[in-house]
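Remarks on the structure that follows.
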Amino acid sequence: MEQNELIRNIIKDTRKNIRYIILAPRKLTRNEMLYQIRIFNYDPQNLKLKAGSEVTINAVDIK
């Protein structure tokens, strides 16, 4: 596997019907994915997502 290759970690918020795709260098645990979503949603602008949206989060910093 190349170093630049990122793995797609997908988790869905069934309450809001939002699909999160988290790109990371490795497979993430559920807690790690939820943490990345919390960081993403910390920005008030990102909280205005519409139902049925698909969000891509780039989490290349994770070791």
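We label chains A, B, ... in the order they appear in the structure tokens, count residues from 1 in each chain, and number ligands from 1 in the order shown.
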Margin query: Give me, as a list in words, all polymer residues having an atom no more than 9 Å from stretch 5-7 of chain A, counting only C-alpha atoms and skipping those fewer than 3 positions away in the same chain.
Written below: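 What passes the distance filter is Met1, Glu2, Ile22, Leu23, Ala24, Pro25, Arg26, Lys27, Leu28 and Val60 of chain A.
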Next item on the list: Considering only C-alpha atoms, state which residue in the set A:Thr56, A:Tyr35, A:Asn46, A:Ala51 is at the smallest distance from A:Ile10.
Entry: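 With only C-alpha atoms as the atom set, the closest residue is A:Thr56.
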Notebook entry, point to check: Which value, in Å to one decimal, gives the distance between atom CA of A:Gly52 and atom CA of A:Arg30?
Noted result: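 Computing the Euclidean distance for atom CA of A:Gly52 and atom CA of A:Arg30 yields 20.9 Å.
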Notebook entry, point to check: Among chain A, which residues carry a DSSP assignment of helix (DSSP H, G or I), reported as a PyMOL selection string?
Noted result: chain A and resi 30-41+44-48
Using only C-alpha atoms, which protein or nucleic acid residues come within 9 Å of A:Thr29? Drop anything in the same chain fewer than 4 positions from it, and give the result as a PDB file with C-alpha atoms, in the first residue's frame.
ATOM      1  CA  ASN A   9     -14.115   5.112   6.997  1.00  0.00           C
ATOM      2  CA  MET A  33     -14.656   8.366  13.847  1.00  0.00           C
ATOM      3  CA  LEU A  34     -17.043   9.978  16.347  1.00  0.00           C
TER       4      LEU A  34
END
Next item on the list: Determine, counting only C-alpha atoms, which protein, DNA and RNA residues have an atom within 8 Å of an atom of A:Ile18; residues of the same chain fewer than 5 positions away are not included. Present the result as a ChimeraX atom specification.
Entry: /A:12-13,49-55
Restricted to C-alpha atoms, what would the selected residues look like written as an mmCIF file, in the first residue's frame?
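Saved result, selection_31.cif, follows:
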data_model
loop_
_atom_site.group_PDB
_atom_site.id
_atom_site.type_symbol
_atom_site.label_atom_id
_atom_site.label_comp_id
_atom_site.auth_asym_id
_atom_site.auth_seq_id
_atom_site.Cartn_x
_atom_site.Cartn_y
_atom_site.Cartn_z
ATOM 1 C CA LYS A 12 -23.960 7.333 9.190
ATOM 2 C CA ASP A 13 -25.995 9.539 11.498
ATOM 3 C CA LEU A 49 -26.007 20.328 7.184
ATOM 4 C CA LYS A 50 -29.202 19.258 5.483
ATOM 5 C CA ALA A 51 -30.737 15.806 5.844
ATOM 6 C CA GLY A 52 -29.443 13.397 3.226
ATOM 7 C CA SER A 53 -26.054 15.132 2.991
ATOM 8 C CA GLU A 54 -22.747 13.368 2.501
ATOM 9 C CA VAL A 55 -19.709 14.885 4.215
#
Next item on the list: State, in Å with one decimal place, the distance from atom CA of A:Ile62 to atom CA of A:Asn17.
Entry: 26.0 Å
